[in-house]
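In what follows, a structure is listed as structure tokens, so that the remarks can point back to it.
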There are 2 protein chains.
Amino acid sequence: MLEKTPSTDLGDAVHPFDRATRISRVEGKLQGVASADYFAFVGPFGGATAATLLRAIIEHPERAGDPLSVTVNFCAPVGSAPFELDARLLKATRSTQHWMVELVQDGGVAAFMTAVFAVRRPSWSHQTAAMPEAPPFDQIKPLPTSVIAPWAQQYQFRFVEGAPQYGKASNDHPASAYSRMWLSDTRPRRIDFLSLLSMSDTFFARIFHVLGAIVPIGTVSMTTVFHADSADLAAENTTMVLGAADANIFHKSFSDQTGQLWSPGGRLLATTSQVVYFKA
Amino acid sequence: MLEKTPSTDLGDAVHPFDRATRISRVEGKLQGVASADYFAFVGPFGGATAATLLRAIIEHPERAGDPLSVTVNFCAPVGSAPFELDARLLKATRSTQHWMVELVQDGGVAAFMTAVFAVRRPSWSHQTAAMPEAPPFDQIKPLPTSVIAPWAQQYQFRFVEGAPQYGKASNDHPASAYSRMWLSDTRPRRIDFLSLLSMSDTFFARIFHVLGAIVPIGTVSMTTVFHADSADLAAENTTMVLGAADANIFHKSFSDQTGQLWSPGGRLLATTSQVVYFKA
């Protein structure tokens, strides 16, 4: 076990997200295991897998600074058995670190992450993007999630615009790919880098929105950029974000997806983009 | 030397971009060298470096399919001496490949790339994003580039909106981060994956636009997603793209940048995002 991390504090007090992204040290190697709480249809929810990989860096003794940009590639479904995590510092400069983490299961790479960490220095500050409008979190009813995959039950989705409406669009009459929602862990948990990364992957696949139907999909690669450091996140001190997502194109079995995650106070915490395989 | 690639066809007929991104095989190892034609201030233009890394995959005998998503991290300035490229296929599935390429110089990693390649299958197709308006390429004068870095002289920048106007903005009165331009190689070259990736990095740093001034900057990580495969690019058969770029935030020494590259025919060829260090 790694020491001095909340994730090792087992018991009822541990949040399901921390339990799902927990890392142990077994015979000198980092090990994790997917949690049934965050399962999707053919494997764990990608956001939880990504957060587990990021935790391997954050808890690494050589880590310096906060995550700045993270790219995670999903190569194969992660199974229910324990997996190994191999984290390597590829290059460090005075204020940045470049990391690579591989998730290995059954002798093969199932996912990997590259990440830039940085000690962020004061500078001129300017947010050009404006937070989209939204009624307060409490004034919107959460989407019922009892009939969908376990991972979705770990989140509250409170749609402001573009809630999925199955059966109301089609290939010939596609609906908008844009949606906007308040998002929080079902059991509230203060937003940190791990949850922001996981939340980057909580937007329902854009193809579900445009076709008004659930089709087979899989995220292939996701990049999330953090626009706040630890001190900024501590100052926001929130358990919810406003998430907006859109897509530019669906073509030859792949689509893109772009997203923004805002604090209730109007700070842009993270932007994200991903490539999604779809069958339609 | 690798065989069967245009880049090995040396002589005046070789385009400067192909010369700059050329890869040789020396004693069994892949080797490249930065071209003075594409130098920036403290090293080669990142777009040329990224294209060289991508070429190492495209020319690899195990490569299957076309690039789908590429992330390149810049860790240290690349010097003028030759560098080694180490390309590894991390995982292959029936229709996708996950690659990693490291650029090693003086015993250290100066840049690396992860890339997803895919054999793209026919599917339902839908472009939700609309191409921004622009007068024809020939009706806009190219930006004079004779006084700026060598790499910029390799491109024609024909601004439709948001041409940099130095001295007309300030920290207290920042200008828009948005710009839109026609872009081509100065010596015309048919758009392919290599040039699209390089062009993803040709947008002038957004901080130059908002502050109306040139300040020290450096791209840390760039992700480009291709929305066209080889057949699509061949069908477009163009030497120019319409590029639009924007930024969401400048904060604690880093900003983001998002971009789109369109064919003159209105097809979205690639989207890109990057994280940029700045000093201001």
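Residue numbering restarts at 1 for every chain of the structure tokens, chains are lettered A, B, ... in their displayed order, and ligands are numbered from 1 as they appear.
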Determine, counting only C-alpha atoms, which protein, DNA and RNA residues have an atom within 9 Å of an atom of A:Pro164; residues of the same chain fewer than 3 positions away are not included. Present the result as a PDB file with N, CA and C atoms, in the first residue's frame.
```pdb
ATOM      1  N   SER A 179     -25.009  19.696 -25.474  1.00  0.00           N
ATOM      2  CA  SER A 179     -25.764  19.572 -24.227  1.00  0.00           C
ATOM      3  C   SER A 179     -25.019  20.290 -23.103  1.00  0.00           C
ATOM      4  N   PHE A 204     -22.570  11.939 -22.093  1.00  0.00           N
ATOM      5  CA  PHE A 204     -23.064  10.828 -22.899  1.00  0.00           C
ATOM      6  C   PHE A 204     -22.552  10.999 -24.325  1.00  0.00           C
ATOM      7  N   PHE A 208     -25.436   9.440 -29.271  1.00  0.00           N
ATOM      8  CA  PHE A 208     -26.721   9.150 -28.608  1.00  0.00           C
ATOM      9  C   PHE A 208     -27.653  10.363 -28.748  1.00  0.00           C
ATOM     10  N   HIS A 209     -27.072  11.555 -28.604  1.00  0.00           N
ATOM     11  CA  HIS A 209     -27.868  12.784 -28.679  1.00  0.00           C
ATOM     12  C   HIS A 209     -28.363  13.039 -30.105  1.00  0.00           C
ATOM     13  N   VAL A 210     -27.459  12.934 -31.068  1.00  0.00           N
ATOM     14  CA  VAL A 210     -27.857  13.309 -32.438  1.00  0.00           C
ATOM     15  C   VAL A 210     -28.803  12.285 -33.060  1.00  0.00           C
ATOM     16  N   GLY A 212     -30.653  10.184 -31.189  1.00  0.00           N
ATOM     17  CA  GLY A 212     -31.747   9.876 -30.270  1.00  0.00           C
ATOM     18  C   GLY A 212     -31.839   8.389 -29.990  1.00  0.00           C
ATOM     19  N   ALA A 213     -30.694   7.733 -29.998  1.00  0.00           N
ATOM     20  CA  ALA A 213     -30.674   6.277 -29.803  1.00  0.00           C
ATOM     21  C   ALA A 213     -29.333   5.855 -29.234  1.00  0.00           C
TER      22      ALA A 213
END
```
Per residue of chain A within 6 Å of chain B, note the shortest atom pair and the distance in Å to one decimal, counting only C-alpha atoms, and order the rows by chain and increasing residue number, as a tab-separated table.
```
residue	atom	partner	partner_atom	distance
A:Arg120	CA	B:Lys252	CA	5.5
A:Arg121	CA	B:Lys252	CA	5.2
A:Pro122	CA	B:Lys252	CA	4.7
A:Ser123	CA	B:Lys252	CA	4.8
A:Trp124	CA	B:Ala280	CA	5.6
A:Ser125	CA	B:His251	CA	4.5
A:His126	CA	B:Phe250	CA	5.0
A:Gln127	CA	B:Ile249	CA	4.3
A:Thr128	CA	B:Asn248	CA	5.1
A:Ala129	CA	B:Asn248	CA	4.7
A:Asn248	CA	B:Ala129	CA	4.7
A:Ile249	CA	B:Gln127	CA	4.2
A:Phe250	CA	B:His126	CA	5.0
A:His251	CA	B:Ser125	CA	4.5
A:Lys252	CA	B:Pro122	CA	4.7
A:Ser253	CA	B:Ser123	CA	5.3
A:Ala280	CA	B:Trp124	CA	5.6
```
Please give the complete set of residues from stretch 6-252 of chain B that DSSP, run on the backbone, assigns to strand (DSSP E or B), formatted as number ranges by chain.
B: 24-26, 29-32, 39, 44, 66-74, 83-92, 96-105, 108-118, 126-127, 155-161, 179-185, 217-226, 240-246, 249-251
How would the residues just chosen look if you wrote them out with C-alpha atoms as a PDB file, in the first residue's frame?
```
ATOM      1  CA  SER B  24      16.963   7.908 -42.339  1.00  0.00           C
ATOM      2  CA  ARG B  25      17.881   4.488 -41.055  1.00  0.00           C
ATOM      3  CA  VAL B  26      21.411   4.545 -39.639  1.00  0.00           C
ATOM      4  CA  LYS B  29      18.026   3.035 -35.937  1.00  0.00           C
ATOM      5  CA  LEU B  30      15.715   5.766 -37.201  1.00  0.00           C
ATOM      6  CA  GLN B  31      17.387   9.130 -37.337  1.00  0.00           C
ATOM      7  CA  GLY B  32      16.289  12.654 -38.216  1.00  0.00           C
ATOM      8  CA  PHE B  39      13.683  26.860 -37.391  1.00  0.00           C
ATOM      9  CA  PRO B  44      12.801  23.810 -34.841  1.00  0.00           C
ATOM     10  CA  ASP B  66      -4.444   6.180 -41.130  1.00  0.00           C
ATOM     11  CA  PRO B  67      -3.707   8.484 -38.213  1.00  0.00           C
ATOM     12  CA  LEU B  68      -6.855   9.237 -36.218  1.00  0.00           C
ATOM     13  CA  SER B  69      -5.641  11.028 -33.085  1.00  0.00           C
ATOM     14  CA  VAL B  70      -2.153  12.245 -32.282  1.00  0.00           C
ATOM     15  CA  THR B  71      -0.752  13.840 -29.136  1.00  0.00           C
ATOM     16  CA  VAL B  72       2.755  15.269 -29.145  1.00  0.00           C
ATOM     17  CA  ASN B  73       4.550  16.554 -26.051  1.00  0.00           C
ATOM     18  CA  PHE B  74       7.465  18.935 -26.330  1.00  0.00           C
ATOM     19  CA  PHE B  83      18.318  12.812 -33.165  1.00  0.00           C
ATOM     20  CA  GLU B  84      17.069   9.256 -32.798  1.00  0.00           C
ATOM     21  CA  LEU B  85      13.450   8.160 -33.139  1.00  0.00           C
ATOM     22  CA  ASP B  86      12.191   5.135 -31.251  1.00  0.00           C
ATOM     23  CA  ALA B  87       8.752   4.011 -32.500  1.00  0.00           C
ATOM     24  CA  ARG B  88       6.862   1.258 -30.676  1.00  0.00           C
ATOM     25  CA  LEU B  89       3.492  -0.334 -31.395  1.00  0.00           C
ATOM     26  CA  LEU B  90       1.983  -0.547 -27.894  1.00  0.00           C
ATOM     27  CA  LYS B  91      -1.230  -2.326 -28.856  1.00  0.00           C
ATOM     28  CA  ALA B  92      -3.052  -3.396 -31.977  1.00  0.00           C
ATOM     29  CA  THR B  96      -6.794   0.221 -34.576  1.00  0.00           C
ATOM     30  CA  GLN B  97      -3.166   0.628 -33.532  1.00  0.00           C
ATOM     31  CA  HIS B  98      -1.729   2.542 -30.573  1.00  0.00           C
ATOM     32  CA  TRP B  99       1.779   3.906 -31.104  1.00  0.00           C
ATOM     33  CA  MET B 100       4.410   5.701 -29.086  1.00  0.00           C
ATOM     34  CA  VAL B 101       7.410   7.497 -30.590  1.00  0.00           C
ATOM     35  CA  GLU B 102      10.204   9.091 -28.598  1.00  0.00           C
ATOM     36  CA  LEU B 103      12.657  11.652 -29.973  1.00  0.00           C
ATOM     37  CA  VAL B 104      15.952  11.205 -28.130  1.00  0.00           C
ATOM     38  CA  GLN B 105      18.833  13.646 -28.302  1.00  0.00           C
ATOM     39  CA  GLY B 108      17.326  12.586 -23.139  1.00  0.00           C
ATOM     40  CA  VAL B 109      13.756  12.627 -24.441  1.00  0.00           C
ATOM     41  CA  ALA B 110      13.154  15.980 -26.175  1.00  0.00           C
ATOM     42  CA  ALA B 111       9.689  15.161 -27.570  1.00  0.00           C
ATOM     43  CA  PHE B 112       7.330  12.225 -27.792  1.00  0.00           C
ATOM     44  CA  MET B 113       4.099  11.292 -29.501  1.00  0.00           C
ATOM     45  CA  THR B 114       1.281   8.883 -28.848  1.00  0.00           C
ATOM     46  CA  ALA B 115      -0.948   8.123 -31.794  1.00  0.00           C
ATOM     47  CA  VAL B 116      -3.997   6.092 -32.662  1.00  0.00           C
ATOM     48  CA  PHE B 117      -4.152   4.750 -36.196  1.00  0.00           C
ATOM     49  CA  ALA B 118      -7.334   3.244 -37.586  1.00  0.00           C
ATOM     50  CA  HIS B 126     -22.794  13.976 -40.339  1.00  0.00           C
ATOM     51  CA  GLN B 127     -20.810  17.198 -40.033  1.00  0.00           C
ATOM     52  CA  TYR B 155       3.872  29.133 -45.069  1.00  0.00           C
ATOM     53  CA  GLN B 156       1.475  31.629 -46.576  1.00  0.00           C
ATOM     54  CA  PHE B 157      -0.864  33.137 -43.992  1.00  0.00           C
ATOM     55  CA  ARG B 158      -3.834  34.924 -45.562  1.00  0.00           C
ATOM     56  CA  PHE B 159      -5.876  36.365 -42.711  1.00  0.00           C
ATOM     57  CA  VAL B 160      -9.636  36.661 -43.059  1.00  0.00           C
ATOM     58  CA  GLU B 161     -10.116  37.878 -39.487  1.00  0.00           C
ATOM     59  CA  SER B 179      -8.419  34.397 -35.822  1.00  0.00           C
ATOM     60  CA  ARG B 180      -9.170  32.811 -39.152  1.00  0.00           C
ATOM     61  CA  MET B 181      -6.886  32.468 -42.169  1.00  0.00           C
ATOM     62  CA  TRP B 182      -6.202  30.625 -45.361  1.00  0.00           C
ATOM     63  CA  LEU B 183      -3.017  28.664 -44.982  1.00  0.00           C
ATOM     64  CA  SER B 184      -0.776  26.907 -47.488  1.00  0.00           C
ATOM     65  CA  ASP B 185       2.811  25.869 -47.889  1.00  0.00           C
ATOM     66  CA  ILE B 217       5.962  31.178 -25.414  1.00  0.00           C
ATOM     67  CA  GLY B 218       6.325  27.445 -25.962  1.00  0.00           C
ATOM     68  CA  THR B 219       3.883  24.703 -26.889  1.00  0.00           C
ATOM     69  CA  VAL B 220       3.896  22.021 -24.194  1.00  0.00           C
ATOM     70  CA  SER B 221       1.428  19.489 -25.597  1.00  0.00           C
ATOM     71  CA  MET B 222      -0.665  19.375 -28.772  1.00  0.00           C
ATOM     72  CA  THR B 223      -3.441  16.979 -29.762  1.00  0.00           C
ATOM     73  CA  THR B 224      -4.733  16.773 -33.319  1.00  0.00           C
ATOM     74  CA  VAL B 225      -7.678  14.639 -34.421  1.00  0.00           C
ATOM     75  CA  PHE B 226      -8.045  13.802 -38.104  1.00  0.00           C
ATOM     76  CA  MET B 240      -4.622  24.914 -48.810  1.00  0.00           C
ATOM     77  CA  VAL B 241      -6.804  24.893 -45.709  1.00  0.00           C
ATOM     78  CA  LEU B 242      -8.926  27.433 -43.887  1.00  0.00           C
ATOM     79  CA  GLY B 243      -7.687  27.546 -40.298  1.00  0.00           C
ATOM     80  CA  ALA B 244      -9.605  29.004 -37.360  1.00  0.00           C
ATOM     81  CA  ALA B 245      -8.135  29.279 -33.868  1.00  0.00           C
ATOM     82  CA  ASP B 246      -9.262  30.525 -30.475  1.00  0.00           C
ATOM     83  CA  ILE B 249      -8.181  31.040 -20.909  1.00  0.00           C
ATOM     84  CA  PHE B 250      -4.762  32.453 -19.993  1.00  0.00           C
ATOM     85  CA  HIS B 251      -3.897  31.664 -16.401  1.00  0.00           C
TER      86      HIS B 251
END
```
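Distance check against A:Ile23 using only C-alpha atoms: of A:Gly65, A:Pro82, A:Gly46, A:Gly167, the minimum falls on A:Pro82.
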In stretch 5-209 of chain B, what's alpha helix (DSSP H) per DSSP? Answer as a PyMOL selection string?
chain B and resi 16-20+46-58+150-153+193-199+206-209
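Atom pair atom CA of B:Arg190 / atom CA of B:His15 has a distance of 10.6 Å (rounded to one decimal).
Put simply, atom CA of B:Gly259 is 19.2 Å away from atom CA of B:Pro135.
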What does the distance from atom CA of B:Leu143 to atom CA of B:Pro16 come to in Å, to one decimal?
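So the answer is 19.9 Å.
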